[in-house]
Every structure is written in C-alpha cells, then in structure tokens.
Amino acid sequence: MIWLQIYNPLGNLALSALVAAVPLFVLFYMLAVKRSPGHFAALFGTSAAVLLAIIVWHMPVGLAINATLMGAAFGLFPIVWIVLNTIWVYNMTVESGEFDIIRNSLACITDDRRLQALFIAFAFGSFIEGTAGFGTPVAITAAMLVGLGFNPIYAAGICLIANTAPVAFGAIGIPIVVAAKVTDLELMRISQIVGRQLPFLSILVPLWLCVTMAGWKRAMEVLPAIIVTGICFAGSQFVVSNYIGPYLPDVISAIVTIIGLGVFLRFWKPASVWHFPHEKASGPVSCQYTSNEVIRSWLPYVILAIMVFLWGLDSVKKVLDPITWSVEWPGLHNLVVKTAPIVAENTPYAAVFKLNFLSAAGTAILFSGILSLLVIPNYGVAKAAACYAKTLKQLRFPIITIAMILGLAYIMNYSGMSASMGLALSATGVLFPFFSPILGWLGVFLTGSDTSSNALFGSLQKTTAVQIGVDPALTVAANSSGGVCGKMISPQSISVATAAAGLVGQEGSLFRFTLKHSIAMVLFISVLTFLQAYVLKWMLP
C-alpha cells in the first residue's frame, strides 16, 4: 500500500507543527522536569510519536510500526556498535591497571582539570569526531575524564559541549557532503560558509568549557591556554574549510591544537592548580612510571585513533564498503511518498538497512581492542571476553534508550511530522535566516546526527531561501552550523555520554546540564546567520 505524506493534517500549519512537537515536549518533560531515566523518557516519547502518526497524520499502522522498528535497528547498528566497543576498550585499560599510568602521565603534563578538559574533551575529542563521528568522541573522552577523576556529570556534560565545534565536519566531512548532495549546491561553497560561521563558536568553546567547570574567575587563570586552544582550532578550521575542503578541518585542527597547546604548556603553567571541590588537594604530582610504561599505556588509544582514521579514508572504504549486507525494509521501503513542498515532485522514501559490518567505525574500534591485547601486559583473550560481557551488561539500559530514540526519529521522519515542524519554521518569511539554524538544531535533536539533519531539512532550507531572495547556500550551511548545537541535548548523545560516564539513569540531570548551553549557542548562530543574510553579506564567499 502506497501512502503519501501529509504535512498539514489539521488545516493550520502552526497547529499541525505544534501537535507534531508533542513527542518532543514529552521528552523534554520527562528528562528536564521529571529527570526520568533515559529509557523511560524514550518509551513515552516514542509511544506518543507512533500514536500521533497513526491518529493525526493518518499513517497506516503497519508503516508506522515498521518505521519505528527500522529506526531501532539503526540505533543498534551502527550507533550501539560504536559505544559498546569504545567502552570495552576503556574498561580493559581500567581492569589491567594501564589507565592508572595514563592518569599519572596526564597529571605530569598538567594536573589541572581545566587544562585536561581542553586536551581530552576538546582537542582529542575533535580528532575522533573528525575521523568517526556518530557518538564515538563523547564515548571515548567522557570515559577518559571519569577515569582521571572528574566529577561524572561534568565529565559527560563537558564532553557534550566540547563536541559542538567539530560536528559539522565530522566523519571526514560527511554532513557537508550530504548537504551538498541533497541540495545540488556546490560542496566547496557550503564548506566555506560553514567555515565562516563555526570558527566564531570554536574560539569560544574552550572558554565556555572552563567557565562551566570552574566559574569565570578561575577560568581567567588559564586564559592564555584558552586563547592558544581557541586560536589553534578556529584558525585551522577556517583555513582548511575555506581553502582545502570539508574533509579534513577537524583532523587538522585537532592535531594543530594538541601540538600547539602541548608546546605552550612546556613554557607556561597556571599560578594555581584547580580541581573539583569534591577532590582532595594533592600537591605537585610526581611521574611514577618510565617512558616505556607511559607509551605502552597510551598504545590502545593510539591504535584506536589510527584504526578509526584509516577506516575513514576513501581508499579503505572502497575496499570494505562493498562487503555490505543491505535489506529493503519489508513493509516500508518506497511505500511512503514525500510530496511537495518538501520535494519538487512526489518521491518514494527509501528504507534500506545496511549492515556494513567491516567498514563500520565500531568495527575499527573492535579491531583496535583486539590489537591492544598485544600491548596490554598480562591481559589475554579470556579476560578480554569476560570484560566484553561485563560491558554489554553495563550498557543494557543505554542500548534500549538509543534504540527507542532512533525509533522516535524514524517515525517522525517517515510520518511527515518532522517536515510539518520544518514547514512551520520556513513560513517565517524574511525572518527565516534567523530560524534556519534552529531548524538544523531541531533536526539534530530528533536524529542525533548533523548528517541526518542535513538530509532531512537541506532541500527545505534551499527552497525557502530561494523564495525569500536569500543565498540558499547560506541557509543550507546554517542548517549544519545550527545543528551542531543540538548534538549536546540529543537523547541519543546523552545516552552515549551517561553510559560512558557511569551515569545510567541520570539522563534527565545531564539534559538539564546541557540544555541552557545548547540554546545559547544556537541563538548565537541564528543571529550570525541573520546578519550574514542581510547586513554582513561580505562575509560570504
């Protein structure tokens, strides 16, 4: 049975959009007000979306159920596959005692929590985002910060906030590539515009992290390091995105930042070392391990970074991608039809689930864990397998949460509810450039992915911009730039962060922690986009 999407089922676009947002209101309420565990919030939100899709949007029951199930399957693979293997690698380093050496080696460079956050959450996390994406950087860096002794809620929250700056160019530029593909706009031009928006945010994020952790006064004590971090990253991001392309801004910016900050700290130290209030003052840290032990302890993460980087290369993808099992989802593939004005002409909505096991980023992480057994002392296959089983048990609730959240995203997309909200925002006329980033923000909140948000709303952004006489490349780029601000409140991302930081069941608290930062950042991008549309046109390429 072929079903055509309906975008205004109630005869009033604003009212239809308001009703479409009910599942999101349910999520907000359950997470921010009730502080419910993530799997409870996801259950209520997803149930509301399915009922509305069937009752209000008149989606056939079979299509609604299949769309939700396909979303859940996508949540399990590749998202859960990444998180599971990442936490497994971390747990092995903890069980073997190697993470104690990592902790001490970092403390020898700096025992200051503010500077450790800049190194790990911001710089190292950006490198992982640039190569893998899909929640990998938050999973890795949050686990590492907790292992170093960070307050768990701050470890998770800081990693989510830090993951803002690199998301648009994550996974070797996939969000920008998808934006160009769905809109038929020039790839390089979108890259350049995003590269003239995000650096303003990137230069602020290091300061934002330190103020969030320690307050304004204590953040000023490390202002020189913050400035070095921000300039290294934002400057590199601008240059690479504008003059090289969208594929390597994150990777190059992260490397430049790690080197720049590392060199700077050899010649400068803060007057006082800052720790969280719950930590006991420890005084100067002595390096307790040999250089060989330190190198060995870091090798699992070095191997992980190398494997993830290799898996992101086109040459490797060309070899591994063909080894993929694809299935046209029964009872859904091409049975839903997108209609105008979301698309120019009626277009079947494909529903193909790909099990690209070998080329998935999670598999690269799995292989890195296996290779790490060669360097972790006195830790064999039996211990690694037992650790994997413990990790699977540890993540049972986050796995359920992620699957249901992706089910929510898919039912809202296939039913047309997401498009209903998008069309309402696009009806704001000359004010649309202000709301353009908010549309991307909403898309990432729904899907957990800047790539998916660009695929969902890219065409709508272009069409609306042409209608009001604004550069369509600007609004398409703003969809991606605004989208990055929604990453930190996406239930999918929050589930990953709580799993990594050992905060399962406290998703509501983490959501409240990140919400105000997310709103402030997207409003910043919204104002910038509005000015670039009408006042600061000279900023555009």
# chains A, B, ... in the order shown; residues from 1 in each chain; ligands from 1
>>> residues_around(residues="Leu10 of chain A", least_positions_apart="2", cutoff="12 Å", atoms="only C-alpha atoms", output="VMD selection string")
chain A and resid 6 to 8 12 to 20 52 55 to 58 417 420
>>> write_last_selection(atoms="N, CA, C and O atoms", output="compact mmCIF listing (two decimals), in the first residue's frame")
# COMPACT_ATOMS: atom_id res chain seq x y z
N ILE A 6 1.43 13.58 4.61
CA ILE A 6 0.59 14.76 4.82
C ILE A 6 1.33 15.67 5.80
O ILE A 6 1.80 15.21 6.85
N TYR A 7 1.47 16.94 5.46
CA TYR A 7 2.24 17.85 6.30
C TYR A 7 1.38 18.83 7.09
O TYR A 7 1.87 19.45 8.03
N ASN A 8 0.12 18.96 6.72
CA ASN A 8 -0.76 19.89 7.43
C ASN A 8 -2.10 19.20 7.72
O ASN A 8 -3.15 19.59 7.21
N ASN A 12 -4.17 23.83 9.64
CA ASN A 12 -3.47 25.03 10.10
C ASN A 12 -2.03 24.62 10.36
O ASN A 12 -1.77 23.79 11.25
N LEU A 13 -1.09 25.19 9.59
CA LEU A 13 0.29 24.72 9.65
C LEU A 13 0.90 24.90 11.04
O LEU A 13 1.60 24.01 11.54
N ALA A 14 0.62 26.03 11.67
CA ALA A 14 1.18 26.27 13.01
C ALA A 14 0.65 25.25 14.01
O ALA A 14 1.40 24.71 14.83
N LEU A 15 -0.66 24.96 13.92
CA LEU A 15 -1.26 23.99 14.84
C LEU A 15 -0.72 22.58 14.57
O LEU A 15 -0.41 21.83 15.51
N SER A 16 -0.58 22.24 13.29
CA SER A 16 -0.03 20.92 12.93
C SER A 16 1.38 20.77 13.47
O SER A 16 1.76 19.71 13.99
N ALA A 17 2.19 21.83 13.33
CA ALA A 17 3.58 21.79 13.83
C ALA A 17 3.60 21.65 15.34
O ALA A 17 4.44 20.93 15.91
N LEU A 18 2.67 22.33 16.02
CA LEU A 18 2.61 22.26 17.48
C LEU A 18 2.29 20.85 17.94
O LEU A 18 2.91 20.32 18.88
N VAL A 19 1.34 20.22 17.27
CA VAL A 19 0.98 18.84 17.62
C VAL A 19 2.13 17.89 17.29
O VAL A 19 2.40 16.94 18.03
N ALA A 20 2.81 18.15 16.16
CA ALA A 20 3.95 17.32 15.78
C ALA A 20 5.06 17.36 16.82
O ALA A 20 5.83 16.41 16.98
N LEU A 52 0.45 9.59 17.45
CA LEU A 52 0.12 10.78 16.66
C LEU A 52 0.26 10.51 15.17
O LEU A 52 -0.55 10.98 14.36
N ILE A 55 -2.94 8.43 14.33
CA ILE A 55 -4.24 9.08 14.55
C ILE A 55 -4.37 10.41 13.82
O ILE A 55 -5.40 10.68 13.19
N VAL A 56 -3.34 11.25 13.90
CA VAL A 56 -3.43 12.61 13.33
C VAL A 56 -2.91 12.67 11.90
O VAL A 56 -3.53 13.28 11.03
N TRP A 57 -1.74 12.03 11.65
CA TRP A 57 -1.15 12.10 10.31
C TRP A 57 -1.68 10.98 9.40
O TRP A 57 -1.28 10.88 8.26
N HIS A 58 -2.54 10.13 9.94
CA HIS A 58 -3.22 9.08 9.18
C HIS A 58 -2.24 8.12 8.51
O HIS A 58 -2.51 7.60 7.42
N MET A 417 5.93 14.19 10.32
CA MET A 417 5.82 15.09 11.46
C MET A 417 7.00 16.05 11.54
O MET A 417 6.83 17.25 11.83
N SER A 420 6.46 18.74 9.03
CA SER A 420 5.44 19.69 9.47
C SER A 420 6.06 20.80 10.30
O SER A 420 5.74 21.98 10.13
>>> residues_around(residues="segment 310-315 of chain A", least_positions_apart="3", cutoff="9 Å", atoms="only C-alpha atoms", output="list in words")
Gly130, Thr131, Ala132, Ala171, Ile172, Ala305, Ile306, Met307, Lys318, Val319, Leu320, Ser359, Ala360, Ala361 and Ala364 of chain A
>>> select_by_dssp(residues="segment 192-365 of chain A", states="helix (DSSP H, G or I)", output="ChimeraX atom specification")
/A:192-194,198-202,205-214,216-220,223-243,249-267,291-311,314-320,361-365
>>> closest_atom_pairs(of="segment 13-110 of chain A", to="segment 448-464 of chain A", cutoff="12 Å", atoms="only C-alpha atoms", output="Markdown table")
| residue | atom | partner | partner_atom | distance |
| --- | --- | --- | --- | --- |
| A:Gly71 | CA | A:Gly448 | CA | 11.9 |
| A:Phe74 | CA | A:Gly448 | CA | 11.8 |
| A:Gly75 | CA | A:Gly448 | CA | 10.2 |
| A:Ile79 | CA | A:Gly448 | CA | 10.0 |
>>> write_last_selection(atoms="C-alpha atoms", output="compact mmCIF listing (two decimals), in the first residue's frame")
# COMPACT_ATOMS: atom_id res chain seq x y z
CA GLY A 71 14.95 3.26 13.49
CA PHE A 74 19.75 1.68 13.09
CA GLY A 75 20.21 2.58 16.75
CA ILE A 79 25.37 3.55 16.99
>>> atom_distance(atom1="atom CA of Val211 of chain A", atom2="atom CA of Gly440 of chain A")
26.4 Å
>>> residues_around(residues="Ala41 of chain A", least_positions_apart="5", cutoff="7 Å", atoms="only C-alpha atoms", output="ChimeraX atom specification")
/A:27,30-31,36
>>> residues_around(residues="Val336 of chain A", least_positions_apart="6", cutoff="10 Å", atoms="only C-alpha atoms", output="ChimeraX atom specification")
/A:1-5,59-60,63,67,347-351,414-416
>>> residues_around(residues="segment 376-384 of chain A", least_positions_apart="3", cutoff="10 Å", atoms="only C-alpha atoms", output="MDAnalysis selection string")
chainID A and resid 88:89 91:93 95:98 296:300 369:373 387:390
>>> write_last_selection(atoms="C-alpha atoms", output="PDB file, in the first residue's frame")
ATOM      1  CA  TRP A  88      35.027  -2.134  26.174  1.00  0.00           C
ATOM      2  CA  VAL A  89      38.447  -0.725  25.210  1.00  0.00           C
ATOM      3  CA  ASN A  91      37.187  -0.981  30.579  1.00  0.00           C
ATOM      4  CA  MET A  92      40.116  -3.179  29.541  1.00  0.00           C
ATOM      5  CA  THR A  93      42.601  -0.386  30.250  1.00  0.00           C
ATOM      6  CA  GLU A  95      40.917  -3.563  34.610  1.00  0.00           C
ATOM      7  CA  SER A  96      44.513  -4.069  33.521  1.00  0.00           C
ATOM      8  CA  GLY A  97      45.748  -1.057  35.518  1.00  0.00           C
ATOM      9  CA  GLU A  98      47.019   0.702  32.381  1.00  0.00           C
ATOM     10  CA  ARG A 296      52.612   1.306  26.393  1.00  0.00           C
ATOM     11  CA  SER A 297      49.626   2.530  28.424  1.00  0.00           C
ATOM     12  CA  TRP A 298      48.645   5.003  25.697  1.00  0.00           C
ATOM     13  CA  LEU A 299      49.038   2.497  22.858  1.00  0.00           C
ATOM     14  CA  PRO A 300      45.417   1.196  22.990  1.00  0.00           C
ATOM     15  CA  GLY A 369      40.681  -3.503  21.153  1.00  0.00           C
ATOM     16  CA  ILE A 370      41.818  -6.884  19.834  1.00  0.00           C
ATOM     17  CA  LEU A 371      45.164  -5.431  18.725  1.00  0.00           C
ATOM     18  CA  SER A 372      45.533  -3.811  22.149  1.00  0.00           C
ATOM     19  CA  LEU A 373      45.782  -7.270  23.698  1.00  0.00           C
ATOM     20  CA  CYS A 387      35.289  -7.769  30.116  1.00  0.00           C
ATOM     21  CA  TYR A 388      33.198  -7.587  26.920  1.00  0.00           C
ATOM     22  CA  ALA A 389      30.363  -9.479  28.622  1.00  0.00           C
ATOM     23  CA  LYS A 390      30.513  -7.111  31.629  1.00  0.00           C
TER      24      LYS A 390
END
>>> residues_around(residues="Val430 of chain A", least_positions_apart="5", cutoff="9 Å", atoms="only C-alpha atoms", output="list in words")
Ile468, Gly469 and Val470 of chain A
>>> closest_atom_pairs(of="segment 28-142 of chain A", to="segment 475-499 of chain A", cutoff="7 Å", atoms="only C-alpha atoms", output="Markdown table")
| residue | atom | partner | partner_atom | distance |
| --- | --- | --- | --- | --- |
| A:Gly38 | CA | A:Ser495 | CA | 6.8 |
| A:Val83 | CA | A:Val496 | CA | 6.7 |
| A:Gly135 | CA | A:Ser493 | CA | 6.2 |
| A:Val138 | CA | A:Ala497 | CA | 6.0 |
| A:Ala139 | CA | A:Ala497 | CA | 5.9 |
| A:Ala142 | CA | A:Ala497 | CA | 6.5 |
>>> residues_around(residues="Ile519 of chain A", least_positions_apart="3", cutoff="10 Å", atoms="only C-alpha atoms", output="PyMOL selection string")
chain A and resi 438+441+485-486+489+514-516+522-524
>>> atom_distance(atom1="atom CA of Leu51 of chain A", atom2="atom CA of Phe28 of chain A")
18.0 Å
>>> atom_distance(atom1="atom CA of Pro206 of chain A", atom2="atom CA of Gly245 of chain A")
24.1 Å
>>> closest_residue(among="A:Met404, A:Leu442, A:Ile128, A:Ala424", to="Phe309 of chain A", atoms="only C-alpha atoms")
A:Ile128
>>> decode(residues="segment 94-107 of chain A", atoms="all heavy atoms", output="PDB file, in the first residue's frame")
ATOM      1  N   VAL A  94      41.221  -0.043  32.225  1.00  0.00           N
ATOM      2  CA  VAL A  94      40.997   0.145  33.662  1.00  0.00           C
ATOM      3  C   VAL A  94      41.286  -1.156  34.417  1.00  0.00           C
ATOM      4  O   VAL A  94      42.011  -1.159  35.417  1.00  0.00           O
ATOM      5  CB  VAL A  94      39.550   0.610  33.937  1.00  0.00           C
ATOM      6  CG1 VAL A  94      39.254   0.594  35.439  1.00  0.00           C
ATOM      7  CG2 VAL A  94      39.321   2.007  33.364  1.00  0.00           C
ATOM      8  N   GLU A  95      40.722  -2.271  33.930  1.00  0.00           N
ATOM      9  CA  GLU A  95      40.917  -3.563  34.610  1.00  0.00           C
ATOM     10  C   GLU A  95      42.386  -3.966  34.657  1.00  0.00           C
ATOM     11  O   GLU A  95      42.850  -4.555  35.640  1.00  0.00           O
ATOM     12  CB  GLU A  95      40.121  -4.650  33.878  1.00  0.00           C
ATOM     13  CG  GLU A  95      38.655  -4.696  34.240  1.00  0.00           C
ATOM     14  CD  GLU A  95      37.979  -5.963  33.717  1.00  0.00           C
ATOM     15  OE1 GLU A  95      38.638  -6.790  33.060  1.00  0.00           O
ATOM     16  OE2 GLU A  95      36.784  -6.120  33.977  1.00  0.00           O
ATOM     17  N   SER A  96      43.109  -3.658  33.592  1.00  0.00           N
ATOM     18  CA  SER A  96      44.513  -4.069  33.521  1.00  0.00           C
ATOM     19  C   SER A  96      45.434  -3.155  34.318  1.00  0.00           C
ATOM     20  O   SER A  96      46.617  -3.468  34.506  1.00  0.00           O
ATOM     21  CB  SER A  96      44.971  -4.078  32.062  1.00  0.00           C
ATOM     22  OG  SER A  96      44.925  -2.767  31.514  1.00  0.00           O
ATOM     23  N   GLY A  97      44.921  -2.010  34.785  1.00  0.00           N
ATOM     24  CA  GLY A  97      45.748  -1.057  35.518  1.00  0.00           C
ATOM     25  C   GLY A  97      46.465  -0.053  34.621  1.00  0.00           C
ATOM     26  O   GLY A  97      47.125   0.864  35.117  1.00  0.00           O
ATOM     27  N   GLU A  98      46.322  -0.205  33.300  1.00  0.00           N
ATOM     28  CA  GLU A  98      47.019   0.702  32.381  1.00  0.00           C
ATOM     29  C   GLU A  98      46.464   2.124  32.472  1.00  0.00           C
ATOM     30  O   GLU A  98      47.192   3.093  32.225  1.00  0.00           O
ATOM     31  CB  GLU A  98      46.894   0.193  30.936  1.00  0.00           C
ATOM     32  CG  GLU A  98      47.623  -1.109  30.662  1.00  0.00           C
ATOM     33  CD  GLU A  98      49.122  -0.955  30.805  1.00  0.00           C
ATOM     34  OE1 GLU A  98      49.777  -0.520  29.839  1.00  0.00           O
ATOM     35  OE2 GLU A  98      49.645  -1.272  31.895  1.00  0.00           O
ATOM     36  N   PHE A  99      45.185   2.261  32.841  1.00  0.00           N
ATOM     37  CA  PHE A  99      44.634   3.611  32.909  1.00  0.00           C
ATOM     38  C   PHE A  99      45.222   4.397  34.076  1.00  0.00           C
ATOM     39  O   PHE A  99      45.264   5.629  34.046  1.00  0.00           O
ATOM     40  CB  PHE A  99      43.102   3.588  33.009  1.00  0.00           C
ATOM     41  CG  PHE A  99      42.473   4.867  32.550  1.00  0.00           C
ATOM     42  CD1 PHE A  99      42.189   5.066  31.204  1.00  0.00           C
ATOM     43  CD2 PHE A  99      42.197   5.893  33.435  1.00  0.00           C
ATOM     44  CE1 PHE A  99      41.644   6.261  30.768  1.00  0.00           C
ATOM     45  CE2 PHE A  99      41.642   7.081  33.015  1.00  0.00           C
ATOM     46  CZ  PHE A  99      41.363   7.266  31.671  1.00  0.00           C
ATOM     47  N   ASP A 100      45.704   3.712  35.099  1.00  0.00           N
ATOM     48  CA  ASP A 100      46.394   4.408  36.194  1.00  0.00           C
ATOM     49  C   ASP A 100      47.647   5.110  35.666  1.00  0.00           C
ATOM     50  O   ASP A 100      47.991   6.214  36.105  1.00  0.00           O
ATOM     51  CB  ASP A 100      46.782   3.418  37.292  1.00  0.00           C
ATOM     52  CG  ASP A 100      45.564   2.874  38.036  1.00  0.00           C
ATOM     53  OD1 ASP A 100      44.541   3.585  38.079  1.00  0.00           O
ATOM     54  OD2 ASP A 100      45.643   1.739  38.546  1.00  0.00           O
ATOM     55  N   ILE A 101      48.315   4.456  34.724  1.00  0.00           N
ATOM     56  CA  ILE A 101      49.519   5.055  34.133  1.00  0.00           C
ATOM     57  C   ILE A 101      49.131   6.244  33.253  1.00  0.00           C
ATOM     58  O   ILE A 101      49.794   7.295  33.273  1.00  0.00           O
ATOM     59  CB  ILE A 101      50.294   4.005  33.315  1.00  0.00           C
ATOM     60  CG1 ILE A 101      50.634   2.785  34.181  1.00  0.00           C
ATOM     61  CG2 ILE A 101      51.564   4.608  32.726  1.00  0.00           C
ATOM     62  CD1 ILE A 101      51.314   1.654  33.425  1.00  0.00           C
ATOM     63  N   ILE A 102      48.046   6.092  32.490  1.00  0.00           N
ATOM     64  CA  ILE A 102      47.567   7.196  31.662  1.00  0.00           C
ATOM     65  C   ILE A 102      47.225   8.397  32.538  1.00  0.00           C
ATOM     66  O   ILE A 102      47.587   9.542  32.239  1.00  0.00           O
ATOM     67  CB  ILE A 102      46.325   6.761  30.851  1.00  0.00           C
ATOM     68  CG1 ILE A 102      46.719   5.727  29.800  1.00  0.00           C
ATOM     69  CG2 ILE A 102      45.646   7.970  30.202  1.00  0.00           C
ATOM     70  CD1 ILE A 102      45.539   5.145  29.037  1.00  0.00           C
ATOM     71  N   ARG A 103      46.536   8.140  33.638  1.00  0.00           N
ATOM     72  CA  ARG A 103      46.138   9.204  34.557  1.00  0.00           C
ATOM     73  C   ARG A 103      47.367   9.943  35.082  1.00  0.00           C
ATOM     74  O   ARG A 103      47.413  11.177  35.107  1.00  0.00           O
ATOM     75  CB  ARG A 103      45.330   8.619  35.703  1.00  0.00           C
ATOM     76  CG  ARG A 103      44.782   9.665  36.670  1.00  0.00           C
ATOM     77  CD  ARG A 103      44.133   9.026  37.889  1.00  0.00           C
ATOM     78  NE  ARG A 103      42.981   8.218  37.521  1.00  0.00           N
ATOM     79  CZ  ARG A 103      42.922   6.906  37.638  1.00  0.00           C
ATOM     80  NH1 ARG A 103      43.966   6.235  38.089  1.00  0.00           N
ATOM     81  NH2 ARG A 103      41.836   6.247  37.308  1.00  0.00           N
ATOM     82  N   ASN A 104      48.370   9.188  35.495  1.00  0.00           N
ATOM     83  CA  ASN A 104      49.574   9.811  36.039  1.00  0.00           C
ATOM     84  C   ASN A 104      50.352  10.569  34.971  1.00  0.00           C
ATOM     85  O   ASN A 104      50.882  11.656  35.234  1.00  0.00           O
ATOM     86  CB  ASN A 104      50.461   8.742  36.683  1.00  0.00           C
ATOM     87  CG  ASN A 104      51.726   9.319  37.298  1.00  0.00           C
ATOM     88  OD1 ASN A 104      52.818   9.200  36.737  1.00  0.00           O
ATOM     89  ND2 ASN A 104      51.586   9.956  38.452  1.00  0.00           N
ATOM     90  N   SER A 105      50.403  10.017  33.761  1.00  0.00           N
ATOM     91  CA  SER A 105      51.153  10.698  32.691  1.00  0.00           C
ATOM     92  C   SER A 105      50.505  12.028  32.318  1.00  0.00           C
ATOM     93  O   SER A 105      51.209  13.006  32.037  1.00  0.00           O
ATOM     94  CB  SER A 105      51.243   9.794  31.455  1.00  0.00           C
ATOM     95  OG  SER A 105      49.976   9.613  30.847  1.00  0.00           O
ATOM     96  N   LEU A 106      49.173  12.079  32.322  1.00  0.00           N
ATOM     97  CA  LEU A 106      48.497  13.342  32.042  1.00  0.00           C
ATOM     98  C   LEU A 106      48.709  14.336  33.176  1.00  0.00           C
ATOM     99  O   LEU A 106      48.892  15.542  32.947  1.00  0.00           O
ATOM    100  CB  LEU A 106      46.999  13.102  31.853  1.00  0.00           C
ATOM    101  CG  LEU A 106      46.542  12.768  30.432  1.00  0.00           C
ATOM    102  CD1 LEU A 106      45.068  12.386  30.433  1.00  0.00           C
ATOM    103  CD2 LEU A 106      46.773  13.937  29.497  1.00  0.00           C
ATOM    104  N   ALA A 107      48.685  13.826  34.410  1.00  0.00           N
ATOM    105  CA  ALA A 107      48.893  14.697  35.559  1.00  0.00           C
ATOM    106  C   ALA A 107      50.296  15.301  35.551  1.00  0.00           C
ATOM    107  O   ALA A 107      50.508  16.409  36.035  1.00  0.00           O
ATOM    108  CB  ALA A 107      48.660  13.923  36.856  1.00  0.00           C
TER     109      ALA A 107
END
